[in-house]
$ cat model.pdb   # PDB, C-alpha atoms, pLDDT in the B column
MODEL        1
ATOM      1  CA  MET A   1      -5.893   3.029  17.139  1.00 50.00           C
ATOM      2  CA  THR A   2      -5.892   5.659  14.448  1.00 57.00           C
ATOM      3  CA  PHE A   3      -8.738   7.847  13.319  1.00 55.00           C
ATOM      4  CA  SER A   4      -8.749   6.321   9.825  1.00 56.00           C
ATOM      5  CA  TYR A   5      -8.952   2.837  11.348  1.00 55.00           C
ATOM      6  CA  LEU A   6     -12.018   3.886  13.342  1.00 55.00           C
ATOM      7  CA  ILE A   7     -13.643   5.364  10.238  1.00 56.00           C
ATOM      8  CA  PHE A   8     -12.967   2.221   8.205  1.00 56.00           C
ATOM      9  CA  PHE A   9     -14.569  -0.046  10.759  1.00 58.00           C
ATOM     10  CA  SER A  10     -17.566   2.161  11.442  1.00 60.00           C
ATOM     11  CA  PRO A  11     -20.921   0.577  10.592  1.00 62.00           C
ATOM     12  CA  LEU A  12     -21.786   3.326   8.110  1.00 60.00           C
ATOM     13  CA  PHE A  13     -18.714   2.639   6.022  1.00 61.00           C
ATOM     14  CA  HIS A  14     -19.726  -0.960   5.349  1.00 66.00           C
ATOM     15  CA  LEU A  15     -23.290  -0.338   4.217  1.00 70.00           C
ATOM     16  CA  TRP A  16     -22.122  -0.622   0.604  1.00 70.00           C
ATOM     17  CA  ILE A  17     -21.248  -4.293   1.142  1.00 72.00           C
ATOM     18  CA  VAL A  18     -24.950  -5.111   1.122  1.00 70.00           C
ATOM     19  CA  GLU A  19     -25.185  -3.563  -2.344  1.00 70.00           C
ATOM     20  CA  VAL A  20     -22.189  -5.429  -3.747  1.00 72.00           C
ATOM     21  CA  ALA A  21     -22.537  -8.848  -2.116  1.00 76.00           C
ATOM     22  CA  GLU A  22     -24.855 -11.476  -3.481  1.00 77.00           C
ATOM     23  CA  PRO A  23     -27.668 -12.427  -1.097  1.00 81.00           C
ATOM     24  CA  GLY A  24     -26.380 -14.894   1.448  1.00 85.00           C
ATOM     25  CA  TYR A  25     -22.726 -13.934   0.947  1.00 83.00           C
ATOM     26  CA  GLU A  26     -22.626 -10.657   2.881  1.00 80.00           C
ATOM     27  CA  ALA A  27     -20.531 -12.042   5.755  1.00 83.00           C
ATOM     28  CA  ILE A  28     -17.916 -13.643   3.525  1.00 84.00           C
ATOM     29  CA  THR A  29     -17.721 -10.489   1.392  1.00 81.00           C
ATOM     30  CA  TYR A  30     -17.170  -8.410   4.526  1.00 80.00           C
ATOM     31  CA  SER A  31     -14.490 -10.869   5.703  1.00 81.00           C
ATOM     32  CA  LEU A  32     -12.717 -10.750   2.348  1.00 79.00           C
ATOM     33  CA  ILE A  33     -12.658  -6.934   2.282  1.00 78.00           C
ATOM     34  CA  THR A  34     -11.447  -6.768   5.897  1.00 77.00           C
ATOM     35  CA  THR A  35      -8.715  -9.333   5.192  1.00 78.00           C
ATOM     36  CA  ALA A  36      -7.567  -7.443   2.104  1.00 75.00           C
ATOM     37  CA  THR A  37      -7.444  -4.216   4.101  1.00 74.00           C
ATOM     38  CA  ASN A  38      -5.437  -5.773   6.928  1.00 76.00           C
ATOM     39  CA  ALA A  39      -3.068  -7.548   4.527  1.00 76.00           C
ATOM     40  CA  VAL A  40      -1.898  -4.219   3.105  1.00 79.00           C
ATOM     41  CA  SER A  41      -0.537  -2.988   6.457  1.00 80.00           C
ATOM     42  CA  PRO A  42       2.710  -5.024   6.434  1.00 81.00           C
ATOM     43  CA  LEU A  43       3.400  -4.025   2.826  1.00 80.00           C
ATOM     44  CA  SER A  44       2.897  -0.347   3.584  1.00 82.00           C
ATOM     45  CA  ALA A  45       5.240  -0.634   6.589  1.00 81.00           C
ATOM     46  CA  VAL A  46       7.937  -2.261   4.442  1.00 82.00           C
ATOM     47  CA  ILE A  47       7.638   0.410   1.746  1.00 83.00           C
ATOM     48  CA  SER A  48       7.722   3.125   4.420  1.00 82.00           C
ATOM     49  CA  TYR A  49      11.014   1.796   5.762  1.00 81.00           C
ATOM     50  CA  GLN A  50      12.429   1.564   2.262  1.00 82.00           C
ATOM     51  CA  LEU A  51      11.532   5.205   1.650  1.00 84.00           C
ATOM     52  CA  LEU A  52      13.721   6.099   4.631  1.00 83.00           C
ATOM     53  CA  ALA A  53      16.754   5.006   2.595  1.00 80.00           C
ATOM     54  CA  PHE A  54      16.424   8.286   0.691  1.00 84.00           C
ATOM     55  CA  PHE A  55      16.381  10.344   3.900  1.00 86.00           C
ATOM     56  CA  PRO A  56      19.524   9.258   5.794  1.00 82.00           C
ATOM     57  CA  LEU A  57      19.185  11.752   8.649  1.00 84.00           C
ATOM     58  CA  LEU A  58      15.871  10.172   9.640  1.00 84.00           C
ATOM     59  CA  ASN A  59      17.335   6.669  10.095  1.00 80.00           C
ATOM     60  CA  ASP A  60      18.640   7.052  13.638  1.00 80.00           C
ATOM     61  CA  GLN A  61      17.355   8.679  16.793  1.00 85.00           C
ATOM     62  CA  GLU A  62      20.564  10.646  17.432  1.00 87.00           C
ATOM     63  CA  SER A  63      20.279  12.699  14.264  1.00 85.00           C
ATOM     64  CA  ILE A  64      16.569  13.290  14.833  1.00 87.00           C
ATOM     65  CA  ALA A  65      17.336  14.485  18.374  1.00 89.00           C
ATOM     66  CA  THR A  66      19.727  17.140  17.029  1.00 89.00           C
ATOM     67  CA  ASP A  67      16.749  18.854  15.340  1.00 88.00           C
ATOM     68  CA  THR A  68      18.882  20.680  12.793  1.00 91.00           C
ATOM     69  CA  PRO A  69      17.487  22.459   9.719  1.00 93.00           C
ATOM     70  CA  GLU A  70      18.723  19.543   7.563  1.00 94.00           C
ATOM     71  CA  VAL A  71      16.746  17.038   9.655  1.00 92.00           C
ATOM     72  CA  ARG A  72      13.666  19.239   9.484  1.00 93.00           C
ATOM     73  CA  SER A  73      14.079  19.606   5.731  1.00 94.00           C
ATOM     74  CA  GLN A  74      14.339  15.857   5.197  1.00 91.00           C
ATOM     75  CA  PHE A  75      11.356  15.252   7.463  1.00 91.00           C
ATOM     76  CA  ALA A  76       9.307  17.828   5.570  1.00 93.00           C
ATOM     77  CA  SER A  77      10.322  16.218   2.273  1.00 93.00           C
ATOM     78  CA  LEU A  78       9.314  12.779   3.546  1.00 90.00           C
ATOM     79  CA  GLN A  79       5.965  14.090   4.768  1.00 90.00           C
ATOM     80  CA  ALA A  80       5.328  15.835   1.435  1.00 92.00           C
ATOM     81  CA  LEU A  81       6.133  12.597  -0.426  1.00 89.00           C
ATOM     82  CA  VAL A  82       3.793  10.569   1.778  1.00 86.00           C
ATOM     83  CA  MET A  83       1.004  13.121   1.334  1.00 89.00           C
ATOM     84  CA  LEU A  84       1.529  13.115  -2.439  1.00 89.00           C
ATOM     85  CA  ILE A  85       1.270   9.319  -2.492  1.00 85.00           C
ATOM     86  CA  ASN A  86      -1.897   9.423  -0.374  1.00 82.00           C
ATOM     87  CA  VAL A  87      -3.535  12.077  -2.541  1.00 87.00           C
ATOM     88  CA  SER A  88      -2.573  10.203  -5.705  1.00 85.00           C
ATOM     89  CA  SER A  89      -4.770   7.322  -4.560  1.00 81.00           C
ATOM     90  CA  LEU A  90      -7.664   9.481  -5.736  1.00 83.00           C
ATOM     91  CA  LEU A  91      -6.613   8.572  -9.278  1.00 82.00           C
ATOM     92  CA  SER A  92      -8.235   5.175  -8.726  1.00 79.00           C
ATOM     93  CA  LEU A  93     -11.702   6.653  -8.220  1.00 79.00           C
ATOM     94  CA  PRO A  94     -12.716   6.065 -11.870  1.00 81.00           C
ATOM     95  CA  LEU A  95     -12.510   2.324 -11.120  1.00 77.00           C
ATOM     96  CA  LEU A  96     -15.496   2.621  -8.795  1.00 76.00           C
ATOM     97  CA  PRO A  97     -19.103   2.717  -9.945  1.00 77.00           C
ATOM     98  CA  ARG A  98     -20.634   6.178  -9.699  1.00 79.00           C
ATOM     99  CA  GLN A  99     -24.023   5.351  -8.179  1.00 79.00           C
ATOM    100  CA  LYS A 100     -26.022   2.520  -6.668  1.00 76.00           C
ATOM    101  CA  LYS A 101     -27.659   1.832 -10.047  1.00 84.00           C
ATOM    102  CA  GLU A 102     -24.298   1.243 -11.741  1.00 83.00           C
ATOM    103  CA  THR A 103     -23.214  -1.007  -8.874  1.00 76.00           C
ATOM    104  CA  ARG A 104     -26.326  -3.137  -9.214  1.00 78.00           C
ATOM    105  CA  GLU A 105     -25.833  -3.336 -13.001  1.00 84.00           C
ATOM    106  CA  LEU A 106     -22.283  -4.596 -12.508  1.00 78.00           C
ATOM    107  CA  VAL A 107     -23.438  -7.228 -10.033  1.00 76.00           C
ATOM    108  CA  ALA A 108     -26.337  -8.251 -12.306  1.00 82.00           C
ATOM    109  CA  LYS A 109     -24.003  -8.769 -15.284  1.00 85.00           C
ATOM    110  CA  GLY A 110     -21.991 -11.275 -13.272  1.00 79.00           C
ATOM    111  CA  GLU A 111     -18.982 -10.911 -15.567  1.00 80.00           C
ATOM    112  CA  MET A 112     -15.857 -12.802 -14.581  1.00 80.00           C
ATOM    113  CA  SER A 113     -12.341 -12.733 -15.950  1.00 81.00           C
ATOM    114  CA  LYS A 114      -9.870 -15.549 -15.407  1.00 86.00           C
ATOM    115  CA  PHE A 115      -6.999 -13.254 -16.357  1.00 87.00           C
ATOM    116  CA  TRP A 116      -7.825 -10.495 -13.854  1.00 82.00           C
ATOM    117  CA  GLY A 117      -8.733 -13.019 -11.164  1.00 82.00           C
ATOM    118  CA  SER A 118      -5.357 -14.738 -11.623  1.00 87.00           C
ATOM    119  CA  PHE A 119      -3.641 -11.352 -11.766  1.00 87.00           C
ATOM    120  CA  VAL A 120      -5.139 -10.285  -8.439  1.00 82.00           C
ATOM    121  CA  ILE A 121      -4.253 -13.577  -6.716  1.00 85.00           C
ATOM    122  CA  PHE A 122      -0.707 -13.505  -8.124  1.00 88.00           C
ATOM    123  CA  SER A 123      -0.252  -9.863  -7.061  1.00 85.00           C
ATOM    124  CA  ALA A 124      -1.555 -10.500  -3.558  1.00 83.00           C
ATOM    125  CA  LEU A 125       0.702 -13.522  -3.089  1.00 86.00           C
ATOM    126  CA  THR A 126       3.722 -11.680  -4.509  1.00 87.00           C
ATOM    127  CA  PHE A 127       3.260  -8.692  -2.204  1.00 84.00           C
ATOM    128  CA  LEU A 128       2.550 -10.968   0.779  1.00 84.00           C
ATOM    129  CA  CYS A 129       5.748 -12.963   0.157  1.00 87.00           C
ATOM    130  CA  TYR A 130       7.742  -9.777  -0.437  1.00 85.00           C
ATOM    131  CA  SER A 131       6.614  -8.083   2.769  1.00 84.00           C
ATOM    132  CA  THR A 132       7.026 -11.297   4.793  1.00 87.00           C
ATOM    133  CA  ILE A 133      10.575 -11.919   3.562  1.00 87.00           C
ATOM    134  CA  VAL A 134      11.683  -8.317   4.075  1.00 84.00           C
ATOM    135  CA  THR A 135      10.120  -8.193   7.548  1.00 84.00           C
ATOM    136  CA  TYR A 136      11.671 -11.536   8.526  1.00 88.00           C
ATOM    137  CA  VAL A 137      15.130 -10.567   7.304  1.00 86.00           C
ATOM    138  CA  THR A 138      15.076  -7.188   9.028  1.00 83.00           C
ATOM    139  CA  VAL A 139      13.854  -8.647  12.334  1.00 84.00           C
ATOM    140  CA  LYS A 140      15.805 -11.909  12.448  1.00 88.00           C
ATOM    141  CA  TYR A 141      19.071 -10.659  10.939  1.00 86.00           C
ATOM    142  CA  HIS A 142      18.939  -7.016  12.004  1.00 82.00           C
ATOM    143  CA  ASP A 143      22.609  -6.957  13.046  1.00 84.00           C
ATOM    144  CA  VAL A 144      23.762  -8.181   9.630  1.00 85.00           C
ATOM    145  CA  TYR A 145      21.230  -6.772   7.151  1.00 82.00           C
ATOM    146  CA  GLY A 146      19.479  -4.002   9.089  1.00 78.00           C
ATOM    147  CA  CYS A 147      21.850  -1.362   7.799  1.00 80.00           C
ATOM    148  CA  MET A 148      21.193  -2.118   4.105  1.00 82.00           C
ATOM    149  CA  LYS A 149      19.452   0.694   2.242  1.00 79.00           C
ATOM    150  CA  ILE A 150      17.241  -1.718   0.337  1.00 78.00           C
ATOM    151  CA  LEU A 151      15.791  -2.784   3.703  1.00 78.00           C
ATOM    152  CA  GLY A 152      15.343   0.780   4.957  1.00 74.00           C
ATOM    153  CA  GLY A 153      18.656   1.223   6.761  1.00 75.00           C
ATOM    154  CA  GLY A 154      21.073   4.079   6.456  1.00 74.00           C
ATOM    155  CA  GLY A 155      23.644   2.049   4.557  1.00 76.00           C
ATOM    156  CA  CYS A 156      26.289  -0.420   5.720  1.00 79.00           C
ATOM    157  CA  ALA A 157      29.053   1.643   4.135  1.00 79.00           C
ATOM    158  CA  ALA A 158      29.388   5.363   3.542  1.00 76.00           C
ATOM    159  CA  ASP A 159      29.475   4.822  -0.221  1.00 79.00           C
ATOM    160  CA  GLU A 160      26.579   2.350  -0.435  1.00 78.00           C
ATOM    161  CA  SER A 161      24.392   3.143  -3.407  1.00 79.00           C
ATOM    162  CA  SER A 162      20.657   3.795  -3.117  1.00 79.00           C
ATOM    163  CA  PHE A 163      20.131   2.396  -6.621  1.00 84.00           C
ATOM    164  CA  MET A 164      18.633  -0.946  -5.502  1.00 83.00           C
ATOM    165  CA  ALA A 165      16.255   0.715  -3.045  1.00 81.00           C
ATOM    166  CA  LEU A 166      15.267   3.284  -5.661  1.00 83.00           C
ATOM    167  CA  GLY A 167      14.732   0.534  -8.231  1.00 86.00           C
ATOM    168  CA  LEU A 168      12.599  -1.514  -5.861  1.00 83.00           C
ATOM    169  CA  VAL A 169      10.413   1.408  -4.782  1.00 82.00           C
ATOM    170  CA  THR A 170      10.109   2.502  -8.428  1.00 86.00           C
ATOM    171  CA  CYS A 171       8.990  -0.997  -9.475  1.00 86.00           C
ATOM    172  CA  ILE A 172       6.353  -1.113  -6.742  1.00 83.00           C
ATOM    173  CA  PHE A 173       4.967   2.314  -7.617  1.00 83.00           C
ATOM    174  CA  ALA A 174       5.125   1.619 -11.357  1.00 87.00           C
ATOM    175  CA  TYR A 175       3.170  -1.581 -10.793  1.00 85.00           C
ATOM    176  CA  CYS A 176       0.499   0.040  -8.612  1.00 81.00           C
ATOM    177  CA  TYR A 177       0.070   3.178 -10.698  1.00 83.00           C
ATOM    178  CA  GLY A 178       0.536   1.391 -14.027  1.00 86.00           C
ATOM    179  CA  VAL A 179      -2.266  -1.113 -13.381  1.00 84.00           C
ATOM    180  CA  ASN A 180      -4.487   1.655 -12.027  1.00 79.00           C
ATOM    181  CA  PHE A 181      -3.832   3.897 -15.034  1.00 82.00           C
ATOM    182  CA  TYR A 182      -4.420   1.045 -17.476  1.00 84.00           C
ATOM    183  CA  LEU A 183      -7.739   0.060 -15.890  1.00 80.00           C
ATOM    184  CA  SER A 184      -8.965   3.621 -15.362  1.00 76.00           C
ATOM    185  CA  TYR A 185      -7.946   5.517 -18.440  1.00 76.00           C
ATOM    186  CA  LEU A 186      -7.107   3.134 -21.288  1.00 72.00           C
TER
ENDMDL
END

$ encode --input "model.pdb" --output "structure tokens"
Amino acid sequence: MTFSYLIFFSPLFHLWIVEVAEPGYEAITYSLITTATNAVSPLSAVISYQLLAFFPLLNDQESIATDTPEVRSQFASLQALVMLINVSSLLSLPLLPRQKKETRELVAKGEMSKFWGSFVIFSALTFLCYSTIVTYVTVKYHDVYGCMKILGGGGCAADESSFMALGLVTCIFAYCYGVNFYLSYL
């Protein structure tokens, strides 16, 4: 159990649910937020493995065990990339209401959007299917497809291109950051 997991499930963290949820719907709101949080874990694992395609020395235990300067450099680069991605999540803060008063005003307005509701459902289903298919293929057919760079392997051939993996990771990040930028700043 990680420290961030313990913080997320602490009672103090969920006090804001009472402010957002309509009276009588606090439990279902809590369940929905918890489900959404847990549903992201498989997707983040899949993207993490796909990022390893760009760091070939980190794909097998033998090269990590050598502990050469090249391995350390790639590991440092991977850690810097992950930290940059984590810090960039702060760009979504403008989407949140600033104070309790603004939160209550948003709830009181009761505005709904069919487009954004459909967009969220479609996105969730797309990412769920994507992470399920990639996880299934890498577990069930590891001997055949586990080496493919698009699935996080080191490459089945020495000259295998990283273009597909780069394109896929770029599309995912463009989607996440593009929607966030559009909603926050435009």

$ atom_distance --input "model.pdb" --atom1 "atom CA of A:Lys101" --atom2 "atom CA of A:Leu186"
23.5 Å

$ closest_atom_pairs --input "model.pdb" --of "stretch 53-131 of chain A" --to "stretch 165-168 of chain A" --cutoff "12 Å" --atoms "only C-alpha atoms" --output "CSV"
residue,atom,partner,partner_atom,distance
A:Ala53,CA,A:Ala165,CA,7.1
A:Phe54,CA,A:Leu166,CA,8.2
A:Phe55,CA,A:Ala165,CA,11.9
A:Tyr130,CA,A:Leu168,CA,11.0

$ closest_residue --input "model.pdb" --among "A:Ile172, A:Val120, A:Cys147, A:Leu93" --to "A:Glu160" --atoms "only C-alpha atoms"
A:Cys147

$ atom_distance --input "model.pdb" --atom1 "atom CA of A:Thr138" --atom2 "atom CA of A:Leu151"
6.9 Å

$ atom_distance --input "model.pdb" --atom1 "atom CA of A:Ile28" --atom2 "atom CA of A:Glu102"
22.3 Å

$ axis_aligned_box --input "model.pdb" --around "stretch 108-111 of chain A" --padding-each-side "6 Å" --output "JSON"
{"center_x": -22.7, "center_y": -9.8, "center_z": -13.9, "size_x": 19.4, "size_y": 15.0, "size_z": 15.3}

$ closest_residue --input "model.pdb" --among "A:Leu84, A:Leu15, A:Ala21, A:Ala65" --to "A:Gly110" --atoms "all atoms listed in the file"
A:Ala21

$ closest_residue --input "model.pdb" --among "A:Ala36, A:Ala80, A:Gly155, A:Ser161" --to "A:Leu128" --atoms "all atoms listed in the file"
A:Ala36

$ residues_around --input "model.pdb" --residues "stretch 44-50 of chain A" --least-positions-apart "4" --cutoff "8 Å" --atoms "only C-alpha atoms" --output "VMD selection string"
chain A and resid 40 54 131 134 to 135 149 to 153 165 169

$ closest_residue --input "model.pdb" --among "A:Asn38, A:Tyr25, A:Leu32, A:Gly154" --to "A:Gln61" --atoms "all atoms listed in the file"
A:Gly154

$ closest_residue --input "model.pdb" --among "A:Pro94, A:Gln79, A:Ala124, A:Val139" --to "A:Thr37" --atoms "all atoms listed in the file"
A:Ala124

$ resolve_selection --input "model.pdb" --expression "the PyMOL selection byres ((chain A and resi 176-184) around 10)" --output "PyMOL selection string"
chain A and resi 88-89+91-96+170-175+185-186
